[in-house]
>>> print(open('input21.csv').read())   # CSV, N, CA and C atoms
chain,number,residue,atom,x,y,z
Y,25,MET,N,0.9,-1.2,0.0
Y,25,MET,CA,0.0,0.0,0.0
Y,25,MET,C,0.9,1.2,0.0
Y,26,SER,N,0.7,2.1,-0.9
Y,26,SER,CA,1.5,3.3,-1.1
Y,26,SER,C,1.2,4.3,0.0
Y,27,LEU,N,2.1,5.3,0.2
Y,27,LEU,CA,1.9,6.3,1.2
Y,27,LEU,C,0.6,7.1,0.9
Y,28,ARG,N,0.4,7.5,-0.3
Y,28,ARG,CA,-0.8,8.3,-0.7
Y,28,ARG,C,-2.0,7.5,-0.4
Y,29,THR,N,-2.1,6.2,-0.7
Y,29,THR,CA,-3.2,5.4,-0.4
Y,29,THR,C,-3.5,5.3,1.1
Y,30,ARG,N,-2.5,5.2,1.9
Y,30,ARG,CA,-2.6,5.1,3.3
Y,30,ARG,C,-3.2,6.5,3.8
Y,31,ILE,N,-2.6,7.6,3.3
Y,31,ILE,CA,-3.1,8.9,3.8
Y,31,ILE,C,-4.6,9.1,3.4
Y,32,THR,N,-4.9,8.7,2.2
Y,32,THR,CA,-6.3,8.8,1.7
Y,32,THR,C,-7.2,8.0,2.6
Y,33,ALA,N,-6.8,6.7,2.9
Y,33,ALA,CA,-7.6,5.9,3.7
Y,33,ALA,C,-7.7,6.5,5.1
Y,34,SER,N,-6.7,7.1,5.7
Y,34,SER,CA,-6.7,7.7,7.0
Y,34,SER,C,-7.7,8.9,7.0
Y,35,VAL,N,-7.7,9.7,5.9
Y,35,VAL,CA,-8.6,10.8,5.8
Y,35,VAL,C,-10.0,10.3,5.8
Y,36,LEU,N,-10.3,9.3,5.0
Y,36,LEU,CA,-11.6,8.7,4.9
Y,36,LEU,C,-12.1,8.1,6.2
Y,37,ALA,N,-11.2,7.4,6.9
Y,37,ALA,CA,-11.6,6.9,8.2
Y,37,ALA,C,-11.9,8.0,9.3
Y,38,ALA,N,-11.0,9.0,9.3
Y,38,ALA,CA,-11.2,10.1,10.2
Y,38,ALA,C,-12.5,10.9,9.8
Y,39,GLY,N,-12.8,11.0,8.5
Y,39,GLY,CA,-14.0,11.7,8.1
Y,39,GLY,C,-15.2,10.9,8.5
Y,40,ALA,N,-15.2,9.6,8.4
Y,40,ALA,CA,-16.3,8.8,8.8
Y,40,ALA,C,-16.6,8.9,10.3
Y,41,ALA,N,-15.5,8.9,11.0
Y,41,ALA,CA,-15.6,9.0,12.5
Y,41,ALA,C,-16.2,10.4,12.9
Y,42,THR,N,-15.7,11.4,12.2
Y,42,THR,CA,-16.2,12.7,12.5
Y,42,THR,C,-17.7,12.9,12.1
Y,43,ALA,N,-18.0,12.3,10.9
Y,43,ALA,CA,-19.4,12.4,10.5
Y,43,ALA,C,-20.4,11.6,11.4
Y,44,LEU,N,-19.9,10.5,12.0
Y,44,LEU,CA,-20.8,9.8,12.9
Y,44,LEU,C,-20.9,10.6,14.3
Y,45,THR,N,-19.8,11.2,14.7
Y,45,THR,CA,-19.8,12.0,15.9
Y,45,THR,C,-20.6,13.2,15.8
Y,46,VAL,N,-20.4,14.0,14.7
Y,46,VAL,CA,-21.1,15.3,14.5
Y,46,VAL,C,-22.5,15.0,14.0
Y,47,GLY,N,-22.6,14.0,13.1
Y,47,GLY,CA,-23.9,13.8,12.5
Y,47,GLY,C,-24.0,14.4,11.1
Y,48,LEU,N,-24.5,13.6,10.2
Y,48,LEU,CA,-24.7,14.1,8.8
Y,48,LEU,C,-25.8,15.1,8.7
Y,49,GLY,N,-25.7,16.1,8.0
Y,49,GLY,CA,-26.8,17.0,7.8
Y,49,GLY,C,-27.1,17.8,9.1
Y,50,THR,N,-26.2,18.4,9.7
Y,50,THR,CA,-26.4,19.1,11.0
Y,50,THR,C,-27.1,20.3,10.9
Y,51,GLY,N,-27.6,20.7,9.7
Y,51,GLY,CA,-28.4,21.9,9.5
Y,51,GLY,C,-27.9,22.8,8.4
Y,52,THR,N,-28.8,23.4,7.7
Y,52,THR,CA,-28.4,24.2,6.6
Y,52,THR,C,-27.7,25.5,7.0
Y,53,ALA,N,-27.9,25.9,8.3
Y,53,ALA,CA,-27.2,27.2,8.7
Y,53,ALA,C,-25.7,27.1,8.7
Y,54,ASN,N,-25.2,25.9,8.9
Y,54,ASN,CA,-23.8,25.6,8.9
Y,54,ASN,C,-23.3,24.9,7.6
Y,55,ALA,N,-23.9,25.2,6.5
Y,55,ALA,CA,-23.6,24.5,5.3
Y,55,ALA,C,-22.4,25.1,4.6
Y,56,GLU,N,-21.7,24.3,3.8
Y,56,GLU,CA,-20.6,24.7,3.0
Y,56,GLU,C,-21.0,25.8,2.1
Y,57,THR,N,-20.1,26.8,2.0
Y,57,THR,CA,-20.4,28.0,1.1
Y,57,THR,C,-19.3,28.2,0.2
Y,58,HIS,N,-19.6,28.3,-1.1
Y,58,HIS,CA,-18.6,28.6,-2.1
Y,58,HIS,C,-18.7,30.1,-2.4
Y,59,LEU,N,-17.6,30.9,-2.1
Y,59,LEU,CA,-17.7,32.3,-2.2
Y,59,LEU,C,-17.4,32.8,-3.6
Y,60,ARG,N,-16.4,32.2,-4.2
Y,60,ARG,CA,-15.9,32.8,-5.5
Y,60,ARG,C,-15.1,31.7,-6.2
Y,61,HIS,N,-15.2,31.8,-7.6
Y,61,HIS,CA,-14.4,30.9,-8.4
Y,61,HIS,C,-13.3,31.7,-9.1
Y,62,TYR,N,-12.2,31.0,-9.4
Y,62,TYR,CA,-11.1,31.7,-10.1
Y,62,TYR,C,-10.6,30.8,-11.2
Y,63,SER,N,-10.1,31.5,-12.3
Y,63,SER,CA,-9.5,30.7,-13.4
Y,63,SER,C,-8.6,31.7,-14.1
Y,64,GLY,N,-7.7,31.1,-14.9
Y,64,GLY,CA,-6.8,31.9,-15.7
Y,64,GLY,C,-5.4,32.1,-15.0
Y,65,TYR,N,-4.7,33.1,-15.5
Y,65,TYR,CA,-3.4,33.4,-15.0
Y,65,TYR,C,-3.4,33.8,-13.5
Y,66,ASP,N,-2.6,33.3,-12.7
Y,66,ASP,CA,-2.5,33.6,-11.2
Y,66,ASP,C,-3.8,33.4,-10.5
Y,67,ALA,N,-4.6,32.4,-10.9
Y,67,ALA,CA,-5.8,32.1,-10.2
Y,67,ALA,C,-5.5,31.6,-8.7
Y,68,GLU,N,-4.5,30.8,-8.6
Y,68,GLU,CA,-4.1,30.3,-7.2
Y,68,GLU,C,-3.7,31.5,-6.3
Y,69,TRP,N,-2.9,32.4,-6.9
Y,69,TRP,CA,-2.5,33.5,-6.1
Y,69,TRP,C,-3.7,34.4,-5.7
Y,70,ALA,N,-4.6,34.7,-6.6
Y,70,ALA,CA,-5.8,35.5,-6.3
Y,70,ALA,C,-6.7,34.8,-5.2
Y,71,CYS,N,-6.8,33.5,-5.3
Y,71,CYS,CA,-7.7,32.8,-4.4
Y,71,CYS,C,-7.0,32.9,-3.0
Y,72,ASN,N,-5.7,32.6,-2.9
Y,72,ASN,CA,-5.0,32.7,-1.6
Y,72,ASN,C,-5.0,34.1,-1.0
Y,73,ALA,N,-4.9,35.1,-1.9
Y,73,ALA,CA,-5.0,36.5,-1.4
Y,73,ALA,C,-6.4,36.8,-0.8
Y,74,ASP,N,-7.4,36.4,-1.5
Y,74,ASP,CA,-8.8,36.6,-0.9
Y,74,ASP,C,-9.0,35.7,0.3
Y,75,LYS,N,-8.4,34.6,0.4
Y,75,LYS,CA,-8.5,33.7,1.6
Y,75,LYS,C,-7.9,34.5,2.8
Y,76,ALA,N,-6.7,35.0,2.6
Y,76,ALA,CA,-6.1,35.8,3.7
Y,76,ALA,C,-6.9,37.0,4.1
Y,77,ALA,N,-7.5,37.7,3.1
Y,77,ALA,CA,-8.3,38.9,3.4
Y,77,ALA,C,-9.6,38.5,4.1
Y,78,TYR,N,-10.1,37.3,3.8
Y,78,TYR,CA,-11.4,36.9,4.4
Y,78,TYR,C,-11.2,36.6,5.9
Y,79,GLY,N,-10.0,36.1,6.3
Y,79,GLY,CA,-9.7,35.9,7.7
Y,79,GLY,C,-10.3,34.5,8.2
Y,80,SER,N,-10.3,34.4,9.5
Y,80,SER,CA,-10.8,33.2,10.1
Y,80,SER,C,-12.3,33.2,10.3
Y,81,VAL,N,-12.9,32.1,10.4
Y,81,VAL,CA,-14.3,32.0,10.6
Y,81,VAL,C,-14.5,31.0,11.8
Y,82,THR,N,-15.3,31.4,12.7
Y,82,THR,CA,-15.5,30.5,13.9
Y,82,THR,C,-16.3,29.3,13.5
Y,83,GLY,N,-15.7,28.1,13.9
Y,83,GLY,CA,-16.4,26.8,13.6
Y,83,GLY,C,-16.2,26.4,12.1
Y,84,ALA,N,-15.4,27.0,11.4
Y,84,ALA,CA,-15.2,26.6,9.9
Y,84,ALA,C,-13.8,26.9,9.5
Y,85,VAL,N,-13.5,26.4,8.3
Y,85,VAL,CA,-12.2,26.5,7.6
Y,85,VAL,C,-12.4,27.2,6.3
Y,86,VAL,N,-11.6,28.2,6.0
Y,86,VAL,CA,-11.6,28.9,4.7
Y,86,VAL,C,-10.6,28.2,3.9
Y,87,LEU,N,-11.0,27.7,2.7
Y,87,LEU,CA,-10.1,26.9,1.8
Y,87,LEU,C,-10.1,27.5,0.4
Y,88,CYS,N,-8.9,27.3,-0.2
Y,88,CYS,CA,-8.8,27.5,-1.7
Y,88,CYS,C,-8.7,26.1,-2.3
Y,89,ASP,N,-9.8,25.6,-2.8
Y,89,ASP,CA,-9.8,24.3,-3.5
Y,89,ASP,C,-9.3,24.4,-4.9
Y,90,ARG,N,-8.3,23.5,-5.2
Y,90,ARG,CA,-7.8,23.4,-6.6
Y,90,ARG,C,-8.7,22.4,-7.3
Y,91,LEU,N,-9.5,22.9,-8.3
Y,91,LEU,CA,-10.3,22.1,-9.1
Y,91,LEU,C,-9.6,21.7,-10.3
Y,92,ASN,N,-10.3,21.0,-11.2
Y,92,ASN,CA,-9.6,20.5,-12.5
Y,92,ASN,C,-9.4,21.7,-13.4
Y,93,ASN,N,-8.5,21.5,-14.3
Y,93,ASN,CA,-8.2,22.5,-15.4
Y,93,ASN,C,-7.7,23.8,-14.9
Y,94,GLY,N,-7.0,23.9,-13.8
Y,94,GLY,CA,-6.4,25.1,-13.3
Y,94,GLY,C,-7.4,26.1,-12.7
Y,95,ARG,N,-8.5,25.6,-12.3
Y,95,ARG,CA,-9.5,26.5,-11.6
Y,95,ARG,C,-9.4,26.3,-10.1
Y,96,TYR,N,-9.8,27.4,-9.4
Y,96,TYR,CA,-9.7,27.4,-7.9
Y,96,TYR,C,-11.1,27.9,-7.4
Y,97,ARG,N,-11.4,27.5,-6.2
Y,97,ARG,CA,-12.7,27.9,-5.6
Y,97,ARG,C,-12.4,28.3,-4.1
Y,98,LEU,N,-12.9,29.5,-3.7
Y,98,LEU,CA,-12.8,29.9,-2.3
Y,98,LEU,C,-14.0,29.4,-1.6
Y,99,SER,N,-13.8,28.6,-0.6
Y,99,SER,CA,-15.0,28.0,0.2
Y,99,SER,C,-14.8,28.2,1.7
Y,100,VAL,N,-15.9,28.3,2.3
Y,100,VAL,CA,-16.0,28.2,3.8
Y,100,VAL,C,-16.7,26.9,4.2
Y,101,VAL,N,-16.0,26.0,4.9
Y,101,VAL,CA,-16.5,24.7,5.2
Y,101,VAL,C,-16.5,24.5,6.7
Y,102,PRO,N,-17.7,24.3,7.3
Y,102,PRO,CA,-17.8,24.0,8.7
Y,102,PRO,C,-17.0,22.7,9.0
Y,103,TYR,N,-16.5,22.6,10.2
Y,103,TYR,CA,-15.7,21.5,10.6
Y,103,TYR,C,-16.4,20.2,10.4
Y,104,GLY,N,-17.7,20.1,10.7
Y,104,GLY,CA,-18.5,18.9,10.6
Y,104,GLY,C,-18.7,18.5,9.1
Y,105,GLU,N,-18.5,19.4,8.2
Y,105,GLU,CA,-18.7,19.0,6.8
Y,105,GLU,C,-17.4,18.7,6.0
Y,106,MET,N,-16.3,18.8,6.7
Y,106,MET,CA,-15.0,18.6,6.0
Y,106,MET,C,-14.9,17.2,5.4
Y,107,PRO,N,-15.4,16.1,6.0
Y,107,PRO,CA,-15.3,14.8,5.4
Y,107,PRO,C,-16.1,14.8,4.1
Y,108,LEU,N,-17.2,15.4,4.1
Y,108,LEU,CA,-18.1,15.4,2.8
Y,108,LEU,C,-17.4,16.3,1.8
Y,109,HIS,N,-16.8,17.4,2.2
Y,109,HIS,CA,-16.1,18.3,1.3
Y,109,HIS,C,-15.0,17.5,0.6
Y,110,LEU,N,-14.2,16.8,1.4
Y,110,LEU,CA,-13.0,16.1,0.8
Y,110,LEU,C,-13.5,15.0,-0.1
Y,111,LEU,N,-14.6,14.3,0.3
Y,111,LEU,CA,-15.1,13.2,-0.6
Y,111,LEU,C,-15.6,13.8,-1.9
Y,112,GLY,N,-16.2,14.9,-1.9
Y,112,GLY,CA,-16.6,15.5,-3.1
Y,112,GLY,C,-15.5,15.9,-4.0
Y,113,LEU,N,-14.4,16.4,-3.5
Y,113,LEU,CA,-13.2,16.7,-4.3
Y,113,LEU,C,-12.6,15.4,-4.8
Y,114,MET,N,-12.6,14.3,-4.0
Y,114,MET,CA,-12.0,13.1,-4.5
Y,114,MET,C,-12.8,12.5,-5.6
Y,115,ALA,N,-14.1,12.6,-5.5
Y,115,ALA,CA,-15.0,12.1,-6.5
Y,115,ALA,C,-14.8,12.7,-7.9
Y,116,THR,N,-14.5,14.0,-7.9
Y,116,THR,CA,-14.2,14.7,-9.1
Y,116,THR,C,-12.8,14.6,-9.6
Y,117,GLY,N,-11.9,14.0,-8.8
Y,117,GLY,CA,-10.5,13.9,-9.2
Y,117,GLY,C,-9.7,15.1,-8.8
Y,118,SER,N,-10.3,16.0,-8.1
Y,118,SER,CA,-9.5,17.2,-7.8
Y,118,SER,C,-8.6,17.0,-6.6
Y,119,PHE,N,-9.0,16.1,-5.7
Y,119,PHE,CA,-8.2,15.9,-4.4
Y,119,PHE,C,-7.6,14.5,-4.5
Y,120,ASP,N,-6.3,14.4,-4.4
Y,120,ASP,CA,-5.7,13.1,-4.4
Y,120,ASP,C,-4.9,12.8,-3.2
Y,121,GLY,N,-5.1,13.4,-2.1
Y,121,GLY,CA,-4.4,13.1,-0.9
Y,121,GLY,C,-3.9,14.4,-0.3
Y,122,LEU,N,-3.3,14.3,0.9
Y,122,LEU,CA,-2.8,15.4,1.6
Y,122,LEU,C,-1.3,15.5,1.3
Y,123,SER,N,-0.8,16.7,1.1
Y,123,SER,CA,0.7,16.8,0.9
Y,123,SER,C,1.4,17.4,2.1
>>> encode(input="input21.csv", output="C-alpha cells")
Amino acid sequence: MSLRTRITASVLAAGAATALTVGLGTGTANAETHLRHYSGYDAEWACNADKAAYGSVTGAVVLCDRLNNGRYRLSVVPYGEMPLHLLGLMATGSFDGLS
C-alpha cells in the first residue's frame, strides 16, 4: 500500500468517524459555502490573497480548493462537513491526498 493510499484511507476513516460523531446534515445554517471561483493566470495567487483577506471563521475553515483544469474555488467549510467536502473533491478527481 503506497503512502498516498494510506493517507487517503486515513482521511476517509477520520472523516467517517467525524461524520458519525457530529452527524450528517447538521443543519443548513452551517452549510458549506462557495464564495468565489477563479480561473486563468494567477488564479491560485488570487484565491489565496482573498482567503487571507477573508480571515478566520468561527467553527469553519476557509479553503482554496484546486479544481480541475487550473480552476480554484474559495470556500468556507464547517468542521462537521470537512469529510463530505473532501469526498466531493476526491469524486471529481480534484483531491488526491494530503501533501
>>> atom_distance(input="input21.csv", atom1="atom CA of Arg95 of chain Y", atom2="atom CA of Gly79 of chain Y")
21.5 Å
>>> closest_residue(input="input21.csv", among="Y:Met114, Y:Val85, Y:Leu59, Y:Ala76", to="Val101 of chain Y", atoms="only N, CA and C atoms")
Y:Val85
>>> atom_distance(input="input21.csv", atom1="atom N of Ala84 of chain Y", atom2="atom CA of Cys71 of chain Y")
18.5 Å
>>> closest_residue(input="input21.csv", among="Y:Tyr78, Y:Ser63, Y:Glu56, Y:Gly117", to="Gly94 of chain Y", atoms="only C-alpha atoms")
Y:Ser63
>>> atom_distance(input="input21.csv", atom1="atom CA of Arg90 of chain Y", atom2="atom CA of Trp69 of chain Y")
11.4 Å
>>> select_by_dssp(input="input21.csv", residues="segment 42-121 of chain Y", states="strand (DSSP E)", output="PyMOL selection string")
chain Y and resi 57-62+84-90+96-102
>>> write_last_selection(input="input21.csv", atoms="N, CA and C atoms", output="compact mmCIF listing (two decimals), in the coordinates of the input")
# COMPACT_ATOMS: atom_id res chain seq x y z
N THR Y 57 -20.10 26.80 2.00
CA THR Y 57 -20.40 28.00 1.10
C THR Y 57 -19.30 28.20 0.20
N HIS Y 58 -19.60 28.30 -1.10
CA HIS Y 58 -18.60 28.60 -2.10
C HIS Y 58 -18.70 30.10 -2.40
N LEU Y 59 -17.60 30.90 -2.10
CA LEU Y 59 -17.70 32.30 -2.20
C LEU Y 59 -17.40 32.80 -3.60
N ARG Y 60 -16.40 32.20 -4.20
CA ARG Y 60 -15.90 32.80 -5.50
C ARG Y 60 -15.10 31.70 -6.20
N HIS Y 61 -15.20 31.80 -7.60
CA HIS Y 61 -14.40 30.90 -8.40
C HIS Y 61 -13.30 31.70 -9.10
N TYR Y 62 -12.20 31.00 -9.40
CA TYR Y 62 -11.10 31.70 -10.10
C TYR Y 62 -10.60 30.80 -11.20
N ALA Y 84 -15.40 27.00 11.40
CA ALA Y 84 -15.20 26.60 9.90
C ALA Y 84 -13.80 26.90 9.50
N VAL Y 85 -13.50 26.40 8.30
CA VAL Y 85 -12.20 26.50 7.60
C VAL Y 85 -12.40 27.20 6.30
N VAL Y 86 -11.60 28.20 6.00
CA VAL Y 86 -11.60 28.90 4.70
C VAL Y 86 -10.60 28.20 3.90
N LEU Y 87 -11.00 27.70 2.70
CA LEU Y 87 -10.10 26.90 1.80
C LEU Y 87 -10.10 27.50 0.40
N CYS Y 88 -8.90 27.30 -0.20
CA CYS Y 88 -8.80 27.50 -1.70
C CYS Y 88 -8.70 26.10 -2.30
N ASP Y 89 -9.80 25.60 -2.80
CA ASP Y 89 -9.80 24.30 -3.50
C ASP Y 89 -9.30 24.40 -4.90
N ARG Y 90 -8.30 23.50 -5.20
CA ARG Y 90 -7.80 23.40 -6.60
C ARG Y 90 -8.70 22.40 -7.30
N TYR Y 96 -9.80 27.40 -9.40
CA TYR Y 96 -9.70 27.40 -7.90
C TYR Y 96 -11.10 27.90 -7.40
N ARG Y 97 -11.40 27.50 -6.20
CA ARG Y 97 -12.70 27.90 -5.60
C ARG Y 97 -12.40 28.30 -4.10
N LEU Y 98 -12.90 29.50 -3.70
CA LEU Y 98 -12.80 29.90 -2.30
C LEU Y 98 -14.00 29.40 -1.60
N SER Y 99 -13.80 28.60 -0.60
CA SER Y 99 -15.00 28.00 0.20
C SER Y 99 -14.80 28.20 1.70
N VAL Y 100 -15.90 28.30 2.30
CA VAL Y 100 -16.00 28.20 3.80
C VAL Y 100 -16.70 26.90 4.20
N VAL Y 101 -16.00 26.00 4.90
CA VAL Y 101 -16.50 24.70 5.20
C VAL Y 101 -16.50 24.50 6.70
N PRO Y 102 -17.70 24.30 7.30
CA PRO Y 102 -17.80 24.00 8.70
C PRO Y 102 -17.00 22.70 9.00
>>> residues_around(input="input21.csv", residues="His109 of chain Y", least_positions_apart="4", cutoff="10 Å", atoms="only C-alpha atoms", output="MDAnalysis selection string")
chainID Y and resid 39 56 89 99 101:105 113:114
>>> closest_residue(input="input21.csv", among="Y:Leu87, Y:Asn93, Y:Pro107, Y:Ala77", to="Tyr65 of chain Y", atoms="only C-alpha atoms")
Y:Asn93
